[in-house]
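Take a look at the structure below.
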Amino acid sequence: MDLANLKLPDTISTPEQLQETIVILGDYAAVLRNATARTRTGVAAADSEAEDNLRTKLADLFTSVNSKSALSLEEVEQLMQALQDVLEHAPVVHITLPDLPGGGLKQKISSWLRLNLSPLVLVSFHYNRSLSGGFAVRVGSRLYDFSFRSQLLAKRDVLAKLLKGEAHE
Amino acid sequence: MPVYYVLLGVILILAGISFGTLYWVTLLQRRLHHHAAKLPVATPDASTVPSAGVKAEAHSVMLAEELLKLEQSTHHSFKDALDVATQNLSRDLGETSTRINAQLETEAGKVITQKLSEYQKALEEMRQTAVASLGQIQASIEDKRQILEKDLNADIETQKQQLVAKLDQNLGDVISAYLVEVLGNQVDLGAQSQYLFKTLEANKEELKKEILGGV
């Protein structure tokens, strides 16, 4: 398992989703410990349905980490630690839209950000009705206002020229 | 002018000589009368033989009579001479006065003509100076007028541009506010996704720099 080049799946794009994944991993690790203990003590194996459910939830993550559908307890614990480091140190991009985007748009946005900015970037989505159109991006302490309102206010002289027929755009 | 002074000097000299001569003659006459008054008047007496003293007295009387005659003759001669001199003096004075008047008129005329000429020249110079000054003043006024007109036009143009810019700004504000108001309640994220990704692509480097700087 190559944790140095860890890549998060598109289904884990926000800090909340990553936090949830870490919790699920913790639950999965606990299930694996129980299974190991039962094996050592000769107790019959517990119902594996819970383990299967957890594995299903973590399938994308496991696949992106080592192309396998299951991990050992040790690998799960290493993965948890790595994900915790990502949660604490990865850059977070805050995007504000006029309305909350759907799952598909969220994934597209996070995919673009991880492809062009950083593979471990996390995205936090917000909404503000007053934007009317466009969006705003905040990275660290820097805010980038790409809303329609700010664009119109920045180019109101162009509007006047358009009305007078002087501008060509 | 020197001729005038010379003539005047001659006249004064002649007058002085005449009056001096007249005074001397008058003085002599007084002395003679005084001396004649002192001498007794002798009447001839046939019965007596004139003595030496009587002869001396007669001689004195005869001398006095001679002196008196001489005095009278001299007086007449002097009077004639004085009349002649007086006439000559009067004539000379008249002529001299006439000449002096003529000379004065000539000189005065010359002086007046010269002064008049100078006055006219000075007037002409003053007139030309005044005309030149007036021309300079007019030129200066014209320059000032042009400068003021130019500045005024520039100010008007500046104010016009400011008003136009203000109008454009206010117009832009009105249009922006209208568009924002119109767009307010019609949000379609799907339709805006193209704008979203296009804008992110355009600002990719800057966002990347900000992220890497913060990591």
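Naming works like this for the structure tokens: A, B, ... for the chains as they're shown, residue 1 at the start of each chain, ligands 1 onward in shown order.
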Got a sec: who's within 8 Å of range 192-201 of chain B, counting only C-alpha atoms, leaving out chain neighbours fewer than 5 positions off, as a ChimeraX atom specification? /A:109,133-135,146
Would you mind writing down, as a ChimeraX atom specification, each residue of range 5-168 of chain A that DSSP on the backbone assigns to strand (DSSP E or B)? /A:92-97,122-127,134-139,142-147
Rows by chain and residue number, chain A within 6 Å of chain B, shortest pair, only C-alpha atoms, as CSV:
```
residue,atom,partner,partner_atom,distance
A:Leu117,CA,B:Lys208,CA,5.0
A:Ser132,CA,B:Gly184,CA,4.6
A:Leu152,CA,B:Ser176,CA,5.6
A:Arg156,CA,B:Gly172,CA,4.2
A:Asp157,CA,B:Gly172,CA,5.9
A:Leu159,CA,B:Gly172,CA,5.7
A:Ala160,CA,B:Asp168,CA,5.3
```
Restrict the selected residues to N, CA and C atoms and save them as a compact mmCIF listing (two decimals), in the first residue's frame.
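Final output, selection_17.txt:
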```txt
# COMPACT_ATOMS: atom_id res chain seq x y z
N LEU A 117 -4.98 21.40 -9.08
CA LEU A 117 -4.36 22.14 -7.98
C LEU A 117 -3.52 21.24 -7.08
N SER A 132 -26.61 35.54 -6.65
CA SER A 132 -27.42 35.57 -7.88
C SER A 132 -26.83 34.69 -8.97
N LEU A 152 -20.28 42.54 -12.88
CA LEU A 152 -21.05 43.66 -13.42
C LEU A 152 -20.57 44.98 -12.83
N ARG A 156 -18.90 48.23 -15.09
CA ARG A 156 -20.10 49.04 -15.37
C ARG A 156 -19.81 50.10 -16.42
N ASP A 157 -18.52 50.49 -16.57
CA ASP A 157 -18.21 51.46 -17.63
C ASP A 157 -18.40 50.81 -19.01
N LEU A 159 -20.65 48.63 -19.65
CA LEU A 159 -22.11 48.63 -19.87
C LEU A 159 -22.55 49.95 -20.50
N ALA A 160 -21.98 51.04 -19.95
CA ALA A 160 -22.36 52.35 -20.49
C ALA A 160 -21.93 52.46 -21.95
```
From a DSSP calculation on the backbone, collect every residue of chain A in alpha helix (DSSP H) and output the set as a PDB file with N, CA and C atoms, in the first residue's frame.
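File produced: states.pdb:
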```
ATOM      1  N   PRO A  15     -14.215  17.757   3.815  1.00  0.00           N
ATOM      2  CA  PRO A  15     -13.667  17.364   5.120  1.00  0.00           C
ATOM      3  C   PRO A  15     -14.655  16.503   5.897  1.00  0.00           C
ATOM      4  N   GLU A  16     -15.945  16.777   5.750  1.00  0.00           N
ATOM      5  CA  GLU A  16     -16.944  16.004   6.464  1.00  0.00           C
ATOM      6  C   GLU A  16     -16.945  14.561   5.973  1.00  0.00           C
ATOM      7  N   GLN A  17     -16.849  14.415   4.650  1.00  0.00           N
ATOM      8  CA  GLN A  17     -16.832  13.059   4.097  1.00  0.00           C
ATOM      9  C   GLN A  17     -15.581  12.314   4.544  1.00  0.00           C
ATOM     10  N   LEU A  18     -14.453  12.998   4.597  1.00  0.00           N
ATOM     11  CA  LEU A  18     -13.216  12.360   5.043  1.00  0.00           C
ATOM     12  C   LEU A  18     -13.319  11.957   6.507  1.00  0.00           C
ATOM     13  N   GLN A  19     -13.896  12.844   7.308  1.00  0.00           N
ATOM     14  CA  GLN A  19     -14.069  12.528   8.726  1.00  0.00           C
ATOM     15  C   GLN A  19     -14.959  11.294   8.896  1.00  0.00           C
ATOM     16  N   GLU A  20     -16.016  11.255   8.107  1.00  0.00           N
ATOM     17  CA  GLU A  20     -16.935  10.118   8.160  1.00  0.00           C
ATOM     18  C   GLU A  20     -16.221   8.835   7.744  1.00  0.00           C
ATOM     19  N   THR A  21     -15.395   8.953   6.716  1.00  0.00           N
ATOM     20  CA  THR A  21     -14.640   7.783   6.234  1.00  0.00           C
ATOM     21  C   THR A  21     -13.699   7.270   7.322  1.00  0.00           C
ATOM     22  N   ILE A  22     -13.043   8.188   8.008  1.00  0.00           N
ATOM     23  CA  ILE A  22     -12.131   7.791   9.087  1.00  0.00           C
ATOM     24  C   ILE A  22     -12.906   7.043  10.182  1.00  0.00           C
ATOM     25  N   VAL A  23     -14.091   7.531  10.471  1.00  0.00           N
ATOM     26  CA  VAL A  23     -14.935   6.852  11.486  1.00  0.00           C
ATOM     27  C   VAL A  23     -15.317   5.452  11.019  1.00  0.00           C
ATOM     28  N   ILE A  24     -15.681   5.367   9.748  1.00  0.00           N
ATOM     29  CA  ILE A  24     -16.062   4.050   9.211  1.00  0.00           C
ATOM     30  C   ILE A  24     -14.859   3.110   9.232  1.00  0.00           C
ATOM     31  N   LEU A  25     -13.708   3.640   8.891  1.00  0.00           N
ATOM     32  CA  LEU A  25     -12.481   2.837   8.964  1.00  0.00           C
ATOM     33  C   LEU A  25     -12.241   2.346  10.389  1.00  0.00           C
ATOM     34  N   GLY A  26     -12.494   3.212  11.325  1.00  0.00           N
ATOM     35  CA  GLY A  26     -12.336   2.814  12.714  1.00  0.00           C
ATOM     36  C   GLY A  26     -13.273   1.659  13.072  1.00  0.00           C
ATOM     37  N   ASP A  27     -14.502   1.784  12.575  1.00  0.00           N
ATOM     38  CA  ASP A  27     -15.459   0.700  12.823  1.00  0.00           C
ATOM     39  C   ASP A  27     -14.986  -0.594  12.148  1.00  0.00           C
ATOM     40  N   TYR A  28     -14.477  -0.435  10.962  1.00  0.00           N
ATOM     41  CA  TYR A  28     -13.988  -1.615  10.223  1.00  0.00           C
ATOM     42  C   TYR A  28     -12.800  -2.235  10.937  1.00  0.00           C
ATOM     43  N   ALA A  29     -11.937  -1.389  11.438  1.00  0.00           N
ATOM     44  CA  ALA A  29     -10.782  -1.903  12.187  1.00  0.00           C
ATOM     45  C   ALA A  29     -11.251  -2.667  13.435  1.00  0.00           C
ATOM     46  N   ALA A  30     -12.252  -2.153  14.075  1.00  0.00           N
ATOM     47  CA  ALA A  30     -12.778  -2.837  15.267  1.00  0.00           C
ATOM     48  C   ALA A  30     -13.358  -4.202  14.897  1.00  0.00           C
ATOM     49  N   VAL A  31     -14.047  -4.238  13.774  1.00  0.00           N
ATOM     50  CA  VAL A  31     -14.606  -5.525  13.311  1.00  0.00           C
ATOM     51  C   VAL A  31     -13.481  -6.498  13.037  1.00  0.00           C
ATOM     52  N   LEU A  32     -12.422  -6.023  12.379  1.00  0.00           N
ATOM     53  CA  LEU A  32     -11.286  -6.902  12.080  1.00  0.00           C
ATOM     54  C   LEU A  32     -10.622  -7.395  13.362  1.00  0.00           C
ATOM     55  N   ARG A  33     -10.510  -6.547  14.368  1.00  0.00           N
ATOM     56  CA  ARG A  33      -9.903  -6.983  15.630  1.00  0.00           C
ATOM     57  C   ARG A  33     -10.756  -8.075  16.284  1.00  0.00           C
ATOM     58  N   ASN A  34     -12.049  -7.836  16.261  1.00  0.00           N
ATOM     59  CA  ASN A  34     -12.952  -8.855  16.849  1.00  0.00           C
ATOM     60  C   ASN A  34     -12.813 -10.188  16.135  1.00  0.00           C
ATOM     61  N   ALA A  35     -12.735 -10.111  14.820  1.00  0.00           N
ATOM     62  CA  ALA A  35     -12.600 -11.353  14.035  1.00  0.00           C
ATOM     63  C   ALA A  35     -11.303 -12.050  14.378  1.00  0.00           C
ATOM     64  N   THR A  36     -10.254 -11.306  14.520  1.00  0.00           N
ATOM     65  CA  THR A  36      -8.947 -11.879  14.854  1.00  0.00           C
ATOM     66  C   THR A  36      -8.979 -12.526  16.229  1.00  0.00           C
ATOM     67  N   ALA A  37      -9.615 -11.823  17.137  1.00  0.00           N
ATOM     68  CA  ALA A  37      -9.677 -12.364  18.509  1.00  0.00           C
ATOM     69  C   ALA A  37     -10.495 -13.642  18.536  1.00  0.00           C
ATOM     70  N   ARG A  38     -11.560 -13.718  17.843  1.00  0.00           N
ATOM     71  CA  ARG A  38     -12.403 -14.906  17.794  1.00  0.00           C
ATOM     72  C   ARG A  38     -11.615 -16.059  17.188  1.00  0.00           C
ATOM     73  N   THR A  39     -10.837 -15.681  16.141  1.00  0.00           N
ATOM     74  CA  THR A  39     -10.037 -16.751  15.506  1.00  0.00           C
ATOM     75  C   THR A  39      -9.035 -17.304  16.501  1.00  0.00           C
ATOM     76  N   ARG A  40      -8.402 -16.478  17.261  1.00  0.00           N
ATOM     77  CA  ARG A  40      -7.387 -16.928  18.207  1.00  0.00           C
ATOM     78  C   ARG A  40      -8.004 -17.766  19.335  1.00  0.00           C
ATOM     79  N   THR A  41      -9.164 -17.293  19.746  1.00  0.00           N
ATOM     80  CA  THR A  41      -9.770 -17.993  20.890  1.00  0.00           C
ATOM     81  C   THR A  41     -10.656 -19.155  20.463  1.00  0.00           C
ATOM     82  N   GLU A  49     -21.833  -9.851   8.003  1.00  0.00           N
ATOM     83  CA  GLU A  49     -22.638  -8.874   7.240  1.00  0.00           C
ATOM     84  C   GLU A  49     -22.191  -7.450   7.534  1.00  0.00           C
ATOM     85  N   ALA A  50     -21.935  -7.172   8.797  1.00  0.00           N
ATOM     86  CA  ALA A  50     -21.490  -5.823   9.158  1.00  0.00           C
ATOM     87  C   ALA A  50     -20.165  -5.510   8.489  1.00  0.00           C
ATOM     88  N   GLU A  51     -19.297  -6.513   8.486  1.00  0.00           N
ATOM     89  CA  GLU A  51     -17.995  -6.302   7.856  1.00  0.00           C
ATOM     90  C   GLU A  51     -18.180  -6.055   6.368  1.00  0.00           C
ATOM     91  N   ASP A  52     -19.087  -6.764   5.758  1.00  0.00           N
ATOM     92  CA  ASP A  52     -19.338  -6.573   4.327  1.00  0.00           C
ATOM     93  C   ASP A  52     -19.891  -5.182   4.052  1.00  0.00           C
ATOM     94  N   ASN A  53     -20.801  -4.757   4.903  1.00  0.00           N
ATOM     95  CA  ASN A  53     -21.362  -3.403   4.714  1.00  0.00           C
ATOM     96  C   ASN A  53     -20.273  -2.345   4.792  1.00  0.00           C
ATOM     97  N   LEU A  54     -19.437  -2.511   5.788  1.00  0.00           N
ATOM     98  CA  LEU A  54     -18.357  -1.517   5.942  1.00  0.00           C
ATOM     99  C   LEU A  54     -17.397  -1.569   4.757  1.00  0.00           C
ATOM    100  N   ARG A  55     -17.129  -2.774   4.324  1.00  0.00           N
ATOM    101  CA  ARG A  55     -16.213  -2.940   3.204  1.00  0.00           C
ATOM    102  C   ARG A  55     -16.788  -2.301   1.950  1.00  0.00           C
ATOM    103  N   THR A  56     -18.087  -2.415   1.817  1.00  0.00           N
ATOM    104  CA  THR A  56     -18.767  -1.822   0.661  1.00  0.00           C
ATOM    105  C   THR A  56     -18.612  -0.293   0.665  1.00  0.00           C
ATOM    106  N   LYS A  57     -18.802   0.231   1.875  1.00  0.00           N
ATOM    107  CA  LYS A  57     -18.672   1.689   2.001  1.00  0.00           C
ATOM    108  C   LYS A  57     -17.254   2.156   1.718  1.00  0.00           C
ATOM    109  N   ALA A  59     -15.129   0.634  -0.258  1.00  0.00           N
ATOM    110  CA  ALA A  59     -14.600  -0.018  -1.453  1.00  0.00           C
ATOM    111  C   ALA A  59     -13.825   0.972  -2.318  1.00  0.00           C
ATOM    112  N   ASP A  60     -14.414   2.119  -2.550  1.00  0.00           N
ATOM    113  CA  ASP A  60     -13.740   3.107  -3.420  1.00  0.00           C
ATOM    114  C   ASP A  60     -12.397   3.501  -2.829  1.00  0.00           C
ATOM    115  N   LEU A  61     -12.410   3.648  -1.506  1.00  0.00           N
ATOM    116  CA  LEU A  61     -11.170   4.060  -0.849  1.00  0.00           C
ATOM    117  C   LEU A  61     -10.105   2.971  -0.975  1.00  0.00           C
ATOM    118  N   PHE A  62     -10.518   1.731  -0.712  1.00  0.00           N
ATOM    119  CA  PHE A  62      -9.560   0.632  -0.781  1.00  0.00           C
ATOM    120  C   PHE A  62      -9.017   0.504  -2.200  1.00  0.00           C
ATOM    121  N   THR A  63      -9.909   0.671  -3.160  1.00  0.00           N
ATOM    122  CA  THR A  63      -9.499   0.517  -4.557  1.00  0.00           C
ATOM    123  C   THR A  63      -8.488   1.602  -4.931  1.00  0.00           C
ATOM    124  N   SER A  64      -8.737   2.814  -4.485  1.00  0.00           N
ATOM    125  CA  SER A  64      -7.834   3.907  -4.839  1.00  0.00           C
ATOM    126  C   SER A  64      -6.503   3.802  -4.118  1.00  0.00           C
ATOM    127  N   VAL A  65      -6.525   3.070  -2.958  1.00  0.00           N
ATOM    128  CA  VAL A  65      -5.278   2.977  -2.181  1.00  0.00           C
ATOM    129  C   VAL A  65      -4.384   1.864  -2.694  1.00  0.00           C
ATOM    130  N   ASN A  66      -4.970   0.647  -2.868  1.00  0.00           N
ATOM    131  CA  ASN A  66      -4.087  -0.452  -3.277  1.00  0.00           C
ATOM    132  C   ASN A  66      -4.745  -1.404  -4.266  1.00  0.00           C
ATOM    133  N   LEU A  73      -5.860  -5.603   8.997  1.00  0.00           N
ATOM    134  CA  LEU A  73      -6.041  -4.697  10.130  1.00  0.00           C
ATOM    135  C   LEU A  73      -4.917  -3.681  10.189  1.00  0.00           C
ATOM    136  N   GLU A  74      -3.719  -4.145   9.971  1.00  0.00           N
ATOM    137  CA  GLU A  74      -2.574  -3.243  10.032  1.00  0.00           C
ATOM    138  C   GLU A  74      -2.671  -2.180   8.946  1.00  0.00           C
ATOM    139  N   GLU A  75      -3.064  -2.615   7.740  1.00  0.00           N
ATOM    140  CA  GLU A  75      -3.202  -1.654   6.653  1.00  0.00           C
ATOM    141  C   GLU A  75      -4.315  -0.645   6.942  1.00  0.00           C
ATOM    142  N   VAL A  76      -5.387  -1.144   7.553  1.00  0.00           N
ATOM    143  CA  VAL A  76      -6.496  -0.237   7.893  1.00  0.00           C
ATOM    144  C   VAL A  76      -6.023   0.795   8.899  1.00  0.00           C
ATOM    145  N   GLU A  77      -5.258   0.364   9.888  1.00  0.00           N
ATOM    146  CA  GLU A  77      -4.791   1.325  10.899  1.00  0.00           C
ATOM    147  C   GLU A  77      -3.822   2.338  10.287  1.00  0.00           C
ATOM    148  N   GLN A  78      -2.950   1.872   9.386  1.00  0.00           N
ATOM    149  CA  GLN A  78      -2.052   2.815   8.690  1.00  0.00           C
ATOM    150  C   GLN A  78      -2.842   3.813   7.843  1.00  0.00           C
ATOM    151  N   LEU A  79      -3.857   3.280   7.187  1.00  0.00           N
ATOM    152  CA  LEU A  79      -4.699   4.132   6.345  1.00  0.00           C
ATOM    153  C   LEU A  79      -5.422   5.176   7.178  1.00  0.00           C
ATOM    154  N   MET A  80      -5.906   4.752   8.327  1.00  0.00           N
ATOM    155  CA  MET A  80      -6.585   5.691   9.224  1.00  0.00           C
ATOM    156  C   MET A  80      -5.638   6.831   9.617  1.00  0.00           C
ATOM    157  N   GLN A  81      -4.435   6.497   9.974  1.00  0.00           N
ATOM    158  CA  GLN A  81      -3.465   7.499  10.374  1.00  0.00           C
ATOM    159  C   GLN A  81      -3.177   8.476   9.223  1.00  0.00           C
ATOM    160  N   ALA A  82      -3.022   7.881   8.033  1.00  0.00           N
ATOM    161  CA  ALA A  82      -2.749   8.720   6.857  1.00  0.00           C
ATOM    162  C   ALA A  82      -3.908   9.666   6.571  1.00  0.00           C
ATOM    163  N   LEU A  83      -5.111   9.119   6.665  1.00  0.00           N
ATOM    164  CA  LEU A  83      -6.280   9.958   6.410  1.00  0.00           C
ATOM    165  C   LEU A  83      -6.429  11.046   7.486  1.00  0.00           C
ATOM    166  N   GLN A  84      -6.071  10.708   8.707  1.00  0.00           N
ATOM    167  CA  GLN A  84      -6.124  11.706   9.770  1.00  0.00           C
ATOM    168  C   GLN A  84      -5.128  12.833   9.489  1.00  0.00           C
ATOM    169  N   ASP A  85      -3.936  12.451   8.979  1.00  0.00           N
ATOM    170  CA  ASP A  85      -2.955  13.476   8.595  1.00  0.00           C
ATOM    171  C   ASP A  85      -3.482  14.358   7.475  1.00  0.00           C
ATOM    172  N   VAL A  86      -4.139  13.733   6.505  1.00  0.00           N
ATOM    173  CA  VAL A  86      -4.724  14.498   5.403  1.00  0.00           C
ATOM    174  C   VAL A  86      -5.777  15.455   5.920  1.00  0.00           C
ATOM    175  N   LEU A  87      -6.617  14.954   6.821  1.00  0.00           N
ATOM    176  CA  LEU A  87      -7.682  15.800   7.366  1.00  0.00           C
ATOM    177  C   LEU A  87      -7.094  17.012   8.089  1.00  0.00           C
ATOM    178  N   GLU A  88      -5.986  16.806   8.763  1.00  0.00           N
ATOM    179  CA  GLU A  88      -5.397  17.897   9.551  1.00  0.00           C
ATOM    180  C   GLU A  88      -4.554  18.856   8.711  1.00  0.00           C
ATOM    181  N   HIS A  89      -3.944  18.347   7.633  1.00  0.00           N
ATOM    182  CA  HIS A  89      -2.976  19.186   6.923  1.00  0.00           C
ATOM    183  C   HIS A  89      -3.311  19.477   5.468  1.00  0.00           C
ATOM    184  N   GLY A 103     -24.719  16.144  -6.029  1.00  0.00           N
ATOM    185  CA  GLY A 103     -23.566  15.268  -5.873  1.00  0.00           C
ATOM    186  C   GLY A 103     -22.682  15.234  -7.107  1.00  0.00           C
ATOM    187  N   GLY A 104     -23.307  15.224  -8.286  1.00  0.00           N
ATOM    188  CA  GLY A 104     -22.533  15.139  -9.511  1.00  0.00           C
ATOM    189  C   GLY A 104     -21.653  16.350  -9.709  1.00  0.00           C
ATOM    190  N   LEU A 105     -22.208  17.547  -9.512  1.00  0.00           N
ATOM    191  CA  LEU A 105     -21.430  18.786  -9.681  1.00  0.00           C
ATOM    192  C   LEU A 105     -20.317  18.877  -8.637  1.00  0.00           C
ATOM    193  N   LYS A 106     -20.630  18.424  -7.432  1.00  0.00           N
ATOM    194  CA  LYS A 106     -19.604  18.415  -6.390  1.00  0.00           C
ATOM    195  C   LYS A 106     -18.416  17.562  -6.803  1.00  0.00           C
ATOM    196  N   GLN A 107     -18.719  16.381  -7.331  1.00  0.00           N
ATOM    197  CA  GLN A 107     -17.633  15.482  -7.733  1.00  0.00           C
ATOM    198  C   GLN A 107     -16.830  16.068  -8.880  1.00  0.00           C
ATOM    199  N   LYS A 108     -17.535  16.684  -9.809  1.00  0.00           N
ATOM    200  CA  LYS A 108     -16.821  17.293 -10.934  1.00  0.00           C
ATOM    201  C   LYS A 108     -15.884  18.393 -10.451  1.00  0.00           C
ATOM    202  N   ILE A 109     -16.391  19.199  -9.557  1.00  0.00           N
ATOM    203  CA  ILE A 109     -15.571  20.300  -9.034  1.00  0.00           C
ATOM    204  C   ILE A 109     -14.364  19.752  -8.282  1.00  0.00           C
ATOM    205  N   SER A 110     -14.585  18.772  -7.390  1.00  0.00           N
ATOM    206  CA  SER A 110     -13.467  18.237  -6.609  1.00  0.00           C
ATOM    207  C   SER A 110     -12.477  17.519  -7.512  1.00  0.00           C
ATOM    208  N   SER A 111     -12.985  16.833  -8.563  1.00  0.00           N
ATOM    209  CA  SER A 111     -12.080  16.169  -9.503  1.00  0.00           C
ATOM    210  C   SER A 111     -11.193  17.182 -10.200  1.00  0.00           C
ATOM    211  N   TRP A 112     -11.787  18.287 -10.637  1.00  0.00           N
ATOM    212  CA  TRP A 112     -11.015  19.317 -11.315  1.00  0.00           C
ATOM    213  C   TRP A 112      -9.966  19.906 -10.389  1.00  0.00           C
ATOM    214  N   LEU A 113     -10.377  20.182  -9.135  1.00  0.00           N
ATOM    215  CA  LEU A 113      -9.446  20.771  -8.184  1.00  0.00           C
ATOM    216  C   LEU A 113      -8.283  19.820  -7.900  1.00  0.00           C
ATOM    217  N   ARG A 114      -8.561  18.513  -7.735  1.00  0.00           N
ATOM    218  CA  ARG A 114      -7.486  17.570  -7.425  1.00  0.00           C
ATOM    219  C   ARG A 114      -6.596  17.327  -8.621  1.00  0.00           C
ATOM    220  N   LEU A 115      -7.175  17.450  -9.810  1.00  0.00           N
ATOM    221  CA  LEU A 115      -6.381  17.246 -11.019  1.00  0.00           C
ATOM    222  C   LEU A 115      -5.477  18.446 -11.309  1.00  0.00           C
ATOM    223  N   ASN A 116      -5.948  19.659 -11.036  1.00  0.00           N
ATOM    224  CA  ASN A 116      -5.228  20.855 -11.461  1.00  0.00           C
ATOM    225  C   ASN A 116      -4.496  21.590 -10.331  1.00  0.00           C
ATOM    226  N   PHE A 148     -21.480  37.082 -10.492  1.00  0.00           N
ATOM    227  CA  PHE A 148     -21.958  37.949 -11.568  1.00  0.00           C
ATOM    228  C   PHE A 148     -22.043  39.392 -11.091  1.00  0.00           C
ATOM    229  N   ARG A 149     -22.456  39.569  -9.860  1.00  0.00           N
ATOM    230  CA  ARG A 149     -22.617  40.930  -9.330  1.00  0.00           C
ATOM    231  C   ARG A 149     -21.283  41.676  -9.314  1.00  0.00           C
ATOM    232  N   SER A 150     -20.236  41.027  -8.848  1.00  0.00           N
ATOM    233  CA  SER A 150     -18.936  41.715  -8.813  1.00  0.00           C
ATOM    234  C   SER A 150     -18.424  41.963 -10.220  1.00  0.00           C
ATOM    235  N   GLN A 151     -18.699  41.028 -11.152  1.00  0.00           N
ATOM    236  CA  GLN A 151     -18.266  41.230 -12.537  1.00  0.00           C
ATOM    237  C   GLN A 151     -18.992  42.423 -13.158  1.00  0.00           C
ATOM    238  N   LEU A 152     -20.283  42.540 -12.877  1.00  0.00           N
ATOM    239  CA  LEU A 152     -21.047  43.662 -13.423  1.00  0.00           C
ATOM    240  C   LEU A 152     -20.565  44.980 -12.834  1.00  0.00           C
ATOM    241  N   LEU A 153     -20.341  44.988 -11.526  1.00  0.00           N
ATOM    242  CA  LEU A 153     -19.896  46.228 -10.887  1.00  0.00           C
ATOM    243  C   LEU A 153     -18.501  46.620 -11.357  1.00  0.00           C
ATOM    244  N   ALA A 154     -17.661  45.623 -11.645  1.00  0.00           N
ATOM    245  CA  ALA A 154     -16.291  45.939 -12.089  1.00  0.00           C
ATOM    246  C   ALA A 154     -16.277  46.464 -13.511  1.00  0.00           C
ATOM    247  N   ARG A 156     -18.902  48.230 -15.085  1.00  0.00           N
ATOM    248  CA  ARG A 156     -20.095  49.044 -15.373  1.00  0.00           C
ATOM    249  C   ARG A 156     -19.809  50.104 -16.424  1.00  0.00           C
ATOM    250  N   ASP A 157     -18.520  50.494 -16.569  1.00  0.00           N
ATOM    251  CA  ASP A 157     -18.214  51.455 -17.634  1.00  0.00           C
ATOM    252  C   ASP A 157     -18.396  50.807 -19.009  1.00  0.00           C
ATOM    253  N   VAL A 158     -18.131  49.497 -19.077  1.00  0.00           N
ATOM    254  CA  VAL A 158     -18.346  48.788 -20.342  1.00  0.00           C
ATOM    255  C   VAL A 158     -19.838  48.757 -20.669  1.00  0.00           C
ATOM    256  N   LEU A 159     -20.653  48.625 -19.646  1.00  0.00           N
ATOM    257  CA  LEU A 159     -22.108  48.627 -19.874  1.00  0.00           C
ATOM    258  C   LEU A 159     -22.546  49.947 -20.497  1.00  0.00           C
ATOM    259  N   ALA A 160     -21.984  51.039 -19.949  1.00  0.00           N
ATOM    260  CA  ALA A 160     -22.356  52.351 -20.486  1.00  0.00           C
ATOM    261  C   ALA A 160     -21.926  52.461 -21.947  1.00  0.00           C
ATOM    262  N   LYS A 161     -20.713  51.959 -22.240  1.00  0.00           N
ATOM    263  CA  LYS A 161     -20.227  52.030 -23.625  1.00  0.00           C
ATOM    264  C   LYS A 161     -21.068  51.157 -24.542  1.00  0.00           C
ATOM    265  N   LEU A 162     -21.496  50.009 -24.012  1.00  0.00           N
ATOM    266  CA  LEU A 162     -22.357  49.135 -24.820  1.00  0.00           C
ATOM    267  C   LEU A 162     -23.637  49.863 -25.198  1.00  0.00           C
ATOM    268  N   LEU A 163     -24.192  50.571 -24.223  1.00  0.00           N
ATOM    269  CA  LEU A 163     -25.424  51.306 -24.509  1.00  0.00           C
ATOM    270  C   LEU A 163     -25.196  52.391 -25.545  1.00  0.00           C
ATOM    271  N   LYS A 164     -23.971  53.003 -25.482  1.00  0.00           N
ATOM    272  CA  LYS A 164     -23.686  54.068 -26.438  1.00  0.00           C
ATOM    273  C   LYS A 164     -23.174  53.514 -27.767  1.00  0.00           C
TER     274      LYS A 164
END
```
